[in-house]
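A.B. asks: This is the structure I have questions about; it appears just below.
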Amino acid sequence: MPGRLFDELAAGGGSRDAVAFLLKGERARRLLLLRDLLDRLDEIPGVLGPLGAVTPVWEVLEAAALRAPDAVDGLLMSPQCGAWTAHALRRLHGAASGPPLWADVGHLACLAASASVLAGTDADLTLPARAGALALPMLGLIHLPDCATEFSAVPVVVRSGRVTAGPVTVRPLGTAGDVPGWQPLRTLRPGGIRLDDLDPYRDLDGPIAPDRLSADEVAHWEKTVEEAHGILARGPGPGTAGAIRPGDITRIVPWPSAQRPGIRLSASTGDAFGSMVASRPDSGLDLAETLVHEFQHSKLGALLHLFPLLADDRTERFYAPWRADPRHLPGLLHGAYAFTGVAGFWRARMGDRAADPENVAPFHFALRRLQSRLVVRTLATHAELAPAGRRLLAGLAATLDRWLREPVDPAVAARARASAVSHRTEWRLRNLRCGPAERAALARAHREGGPPPRGFEPEPAPGGPVAHWEDTRAARYLSPRPGSDADAFLTTGDPGRARELYEARLREAPDDAHALSGLLLARAQLDPRARRLLARPERVAAALDVVGGDTDEAVRWLAGLSR
């Protein structure tokens with residue numbers, strides 16, 4: 001990769017040429033993986049079971065590629081092909097589970113059938129059906145009537161673009177809507193993004209059943225995608241951090257809303273460049289931010305396929321400001337890269353009241369630039385970086401340092417800083433503990449009337465990562481509003497009343513991490529000397545056991561405050 005293209009990507013952005021280079025690398029990797037998959041299939045006699053031999057299936061793909069190389073290349077480069085190829089290789093390596101092996105790896109025949117349709121060649125194949133559904137990647141799903149068998153082998157004939165499977169004959173390229181026996185993959189008019197609710201390998205983990213969206217849901221996605229593209233078209237400039245072009249994201253997989261109703265979720269995988277799983281967006285602004293976020297992951301995933309960036313340390317022990325649980329270093333790198341892009345997205349929205357009528361962009365920009373820079377510093381301190389990794393971090397740091405010098409309304413910047421501190425404080429209380437030696441030293445020092453001991457490191461909370469928790473206080477910092485609860489008083493400038501309410505809550509529930517973090521934030525506002533407690537709030541939790549639950553005593557002793 002030319003150095004200038006790497007540096008564009010390292011800064012969090014990437015010109016059209018830089019993204020094209022990543023796609024070139026992804027194509028080479030995809031073909032290597034397919035070659036490896038074919039070699040491994042050849043080593044297992046009868047691996048396709050009732051579907052027949054592997055060689056005739058691959059010959060159908062080859063014939064289609066000779067007739068229509070661009071169309072078949074697009075199929076092989078699709079997120080659908082990438083996700084399945086990676087899953088199939090994991091199955092063969094024993095690193096994934098799924099349906100009968102012949103049905104999983106036999107999806108190769110489904111790809112061959114799609115290639116034949118796209119190229120207009122003829123083919124006779126046997127495809128794996130799942131509960132009577134035959135997948136044609138990039139095209140849609142054939143439904144066979146009266147076929148309740150979980151997995152079955154179905155003969156399929158492709159002639160001049162027509163596909164016949166049992167009693168069903170369809171023309172995938174000439175049928176726009178759902179008809180008996182056929183459901184096409186929907187394409188949203190804005191940007192040509194495919195809305196994939198059909199492909200069995202569209203999820204991040206393994207094969208799943210189709211989950212067809214209603215017409216009203218499709219209309220909502222189409223509307224929000226159009227709004228999102230309109231917002232993104234107004235900046236930032238092409239190639240800068242937070243920029244995205246139509247066509248960068250090629251597929252959206254709707255996340256079933258029943259899994260976490262009311263919560264925004266999105267995710268992506270390096271196996272499917274330009275694809276994302278996302279929950280139903282509330283607005284075009286929400287979706288625009290998600291498109292930027294997930295495309296950042298796609299870019300970094302492609303870079304990781306080309307360059308070793310850091311040692312693959314999977315120990316989950318580091319703080320990520322956008323997570324409820326500890327993260328490993330590769331996850332931190334992904335987060336830093338993604339949220340640098342998100343910071344750039346909000347930076348470009350500042351002043352755009354058409355896109356941001358509630359004027360939340362300055363807060364989000366101030367918050368994400370601060371959090372991303374913190375994580376870049378963590379990576380620079382703790383990660384074992386390769387030369388390319390050091391160059392990448394230097395690029396991100398330069399971008400974020402420049403943004404940190406850009407003016408934001410002082411009151412907004414203060415709320416963003418307070419929100420960042422609030423999340424980190426509560427995260428530490430939920431995920432870290434003082435170890436036995438530190439707890440014993442605290443007890444001994446308090447008993448002897450001495451100062452709190454220093455020099456200890458925290459330990460992970462027993463039992464592993466805590467259950468998911470929402471940072472509910474963040475919304476209060478974003479839009480402070482009067483209220484009768486402690487968080488409302490804290491975020492609207494009455495730390496004294498907030499302190500009283502948090503202390504009352506702790507008398508009822510001494511282990512409430514949200515209340516304890518709020519109390520420490522309120523004490524820090526009331527007396528700047530108490531700010532030192534925010535560095536390691538888990539020491540306060542330990543000290544409460546020492547002093548019998550007296551929060552005032554624990555805070556005063558640890559902070560060195562006189563009565």
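Residues in the structure tokens are named by chain (A, B, ... in the order shown) and by number from 1 within that chain; ligands are numbered from 1 in the order shown.
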Quick one: pick out all alpha helix (DSSP H) residues within stretch 150-332 of chain A from a backbone DSSP run and write them as JSON, numbers by chain.

C.D. replies: {"A": [215, 216, 217, 218, 219, 220, 221, 222, 223, 224, 225, 226, 227, 228, 229, 230, 231, 232, 284, 285, 286, 287, 288, 289, 290, 291, 292, 293, 294, 295, 296, 297, 298, 299, 300, 301, 302, 303, 304, 305, 306, 329, 330, 331, 332]}

A.B. asks: Would you save the residues of that selection, restricted to N, CA and C atoms, as a CSV table (one decimal), in the first residue's frame?

C.D. replies:
```csv
chain,number,residue,atom,x,y,z
A,215,ALA,N,-43.9,-4.7,4.9
A,215,ALA,CA,-43.7,-3.6,3.9
A,215,ALA,C,-43.5,-2.3,4.7
A,216,ASP,N,-44.2,-2.1,5.8
A,216,ASP,CA,-44.1,-0.8,6.6
A,216,ASP,C,-42.7,-0.7,7.1
A,217,GLU,N,-42.1,-1.8,7.6
A,217,GLU,CA,-40.7,-1.7,8.1
A,217,GLU,C,-39.7,-1.4,6.9
A,218,VAL,N,-39.9,-2.0,5.8
A,218,VAL,CA,-39.1,-1.7,4.6
A,218,VAL,C,-39.2,-0.2,4.3
A,219,ALA,N,-40.4,0.3,4.3
A,219,ALA,CA,-40.6,1.7,4.0
A,219,ALA,C,-39.9,2.6,5.0
A,220,HIS,N,-39.9,2.2,6.3
A,220,HIS,CA,-39.1,3.0,7.3
A,220,HIS,C,-37.6,2.9,7.0
A,221,TRP,N,-37.1,1.8,6.7
A,221,TRP,CA,-35.7,1.7,6.4
A,221,TRP,C,-35.3,2.5,5.1
A,222,GLU,N,-36.2,2.5,4.1
A,222,GLU,CA,-35.9,3.3,2.9
A,222,GLU,C,-35.9,4.8,3.2
A,223,LYS,N,-36.9,5.2,4.0
A,223,LYS,CA,-36.9,6.6,4.4
A,223,LYS,C,-35.7,7.0,5.2
A,224,THR,N,-35.3,6.2,6.2
A,224,THR,CA,-34.2,6.7,7.0
A,224,THR,C,-32.9,6.6,6.2
A,225,VAL,N,-32.7,5.6,5.3
A,225,VAL,CA,-31.5,5.5,4.5
A,225,VAL,C,-31.4,6.8,3.6
A,226,GLU,N,-32.6,7.2,3.1
A,226,GLU,CA,-32.6,8.4,2.2
A,226,GLU,C,-32.2,9.6,3.0
A,227,GLU,N,-32.7,9.7,4.2
A,227,GLU,CA,-32.4,10.9,5.1
A,227,GLU,C,-30.9,10.8,5.5
A,228,ALA,N,-30.4,9.6,5.8
A,228,ALA,CA,-29.0,9.5,6.2
A,228,ALA,C,-28.1,9.9,5.1
A,229,HIS,N,-28.4,9.5,3.9
A,229,HIS,CA,-27.5,9.8,2.7
A,229,HIS,C,-27.6,11.3,2.5
A,230,GLY,N,-28.7,11.9,2.7
A,230,GLY,CA,-28.8,13.4,2.5
A,230,GLY,C,-27.9,14.1,3.6
A,231,ILE,N,-27.9,13.6,4.8
A,231,ILE,CA,-27.1,14.2,5.9
A,231,ILE,C,-25.6,14.0,5.5
A,232,LEU,N,-25.2,12.8,5.1
A,232,LEU,CA,-23.8,12.5,4.9
A,232,LEU,C,-23.3,13.3,3.7
A,284,GLY,N,-32.9,9.4,10.5
A,284,GLY,CA,-31.8,9.4,9.5
A,284,GLY,C,-30.5,9.8,10.2
A,285,LEU,N,-30.6,10.7,11.2
A,285,LEU,CA,-29.4,11.1,11.9
A,285,LEU,C,-28.8,9.9,12.6
A,286,ASP,N,-29.6,9.1,13.3
A,286,ASP,CA,-29.1,7.9,14.0
A,286,ASP,C,-28.4,7.0,13.0
A,287,LEU,N,-29.1,6.7,11.9
A,287,LEU,CA,-28.6,5.8,10.9
A,287,LEU,C,-27.3,6.3,10.3
A,288,ALA,N,-27.2,7.6,10.0
A,288,ALA,CA,-26.0,8.2,9.4
A,288,ALA,C,-24.8,7.9,10.3
A,289,GLU,N,-25.0,8.2,11.6
A,289,GLU,CA,-23.9,7.9,12.6
A,289,GLU,C,-23.5,6.4,12.6
A,290,THR,N,-24.5,5.5,12.5
A,290,THR,CA,-24.2,4.1,12.5
A,290,THR,C,-23.5,3.7,11.2
A,291,LEU,N,-23.9,4.2,10.1
A,291,LEU,CA,-23.2,3.9,8.8
A,291,LEU,C,-21.7,4.3,8.9
A,292,VAL,N,-21.4,5.5,9.5
A,292,VAL,CA,-20.0,5.9,9.6
A,292,VAL,C,-19.3,5.0,10.6
A,293,HIS,N,-19.9,4.7,11.7
A,293,HIS,CA,-19.3,3.8,12.7
A,293,HIS,C,-18.9,2.5,12.2
A,294,GLU,N,-19.9,1.8,11.5
A,294,GLU,CA,-19.6,0.5,11.0
A,294,GLU,C,-18.7,0.4,9.8
A,295,PHE,N,-18.7,1.5,9.0
A,295,PHE,CA,-17.7,1.5,7.9
A,295,PHE,C,-16.3,1.7,8.4
A,296,GLN,N,-16.1,2.4,9.5
A,296,GLN,CA,-14.8,2.5,10.2
A,296,GLN,C,-14.3,1.1,10.5
A,297,HIS,N,-15.2,0.2,11.1
A,297,HIS,CA,-14.8,-1.1,11.4
A,297,HIS,C,-14.4,-1.9,10.2
A,298,SER,N,-15.2,-1.7,9.1
A,298,SER,CA,-14.8,-2.4,7.8
A,298,SER,C,-13.4,-2.0,7.4
A,299,LYS,N,-13.1,-0.7,7.4
A,299,LYS,CA,-11.8,-0.3,6.9
A,299,LYS,C,-10.7,-0.8,7.8
A,300,LEU,N,-10.9,-0.8,9.1
A,300,LEU,CA,-9.8,-1.3,10.0
A,300,LEU,C,-9.7,-2.8,9.8
A,301,GLY,N,-10.8,-3.5,9.7
A,301,GLY,CA,-10.8,-5.0,9.4
A,301,GLY,C,-10.0,-5.3,8.2
A,302,ALA,N,-10.2,-4.5,7.1
A,302,ALA,CA,-9.4,-4.7,5.9
A,302,ALA,C,-7.9,-4.4,6.1
A,303,LEU,N,-7.6,-3.4,6.9
A,303,LEU,CA,-6.2,-3.1,7.2
A,303,LEU,C,-5.6,-4.2,7.9
A,304,LEU,N,-6.3,-4.8,8.9
A,304,LEU,CA,-5.8,-5.9,9.7
A,304,LEU,C,-5.5,-7.1,8.8
A,305,HIS,N,-6.2,-7.3,7.7
A,305,HIS,CA,-6.0,-8.4,6.8
A,305,HIS,C,-4.7,-8.2,6.0
A,306,LEU,N,-4.2,-6.9,5.9
A,306,LEU,CA,-3.0,-6.6,5.1
A,306,LEU,C,-1.8,-6.4,6.0
A,329,LEU,N,-7.2,-5.7,23.8
A,329,LEU,CA,-6.5,-4.7,23.1
A,329,LEU,C,-7.0,-4.6,21.6
A,330,PRO,N,-7.1,-5.7,20.9
A,330,PRO,CA,-7.7,-5.6,19.5
A,330,PRO,C,-9.0,-4.9,19.5
A,331,GLY,N,-9.9,-5.2,20.5
A,331,GLY,CA,-11.2,-4.6,20.6
A,331,GLY,C,-11.1,-3.1,20.8
A,332,LEU,N,-10.1,-2.7,21.7
A,332,LEU,CA,-9.9,-1.3,21.9
A,332,LEU,C,-9.4,-0.6,20.7
```

A.B. asks: Go through A:Pro2, A:Gly235, A:Pro480, A:Pro145 one by one, measure the shortest atom-to-atom distance of each to A:Val412 using only C-alpha atoms, and give the residue with the smallest value.

C.D. replies: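 Looking at the shortest contact to A:Val412, the residue is A:Pro480.
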
A.B. asks: Quote the spacing between atom CA of A:Gly132 and atom CA of A:Ala148 in Å to one decimal place.

C.D. replies: 6.1 Å

A.B. asks: As a PyMOL selection string, please: all residues of stretch 150-183 of chain A that backbone DSSP puts in strand (DSSP E or B).

C.D. replies: chain A and resi 151-159+162-165+168-170+179+182-183

A.B. asks: A:Gly449, A:Pro458, A:Pro537, A:Gly463: which is nearest A:Pro436, counting only C-alpha atoms?

C.D. replies: A:Pro458

A.B. asks: Counting only C-alpha atoms, what is within 8 Å of A:Leu526, bar same-chain residues fewer than 4 positions away, as a PyMOL selection string?

C.D. replies: chain A and resi 495-496+522
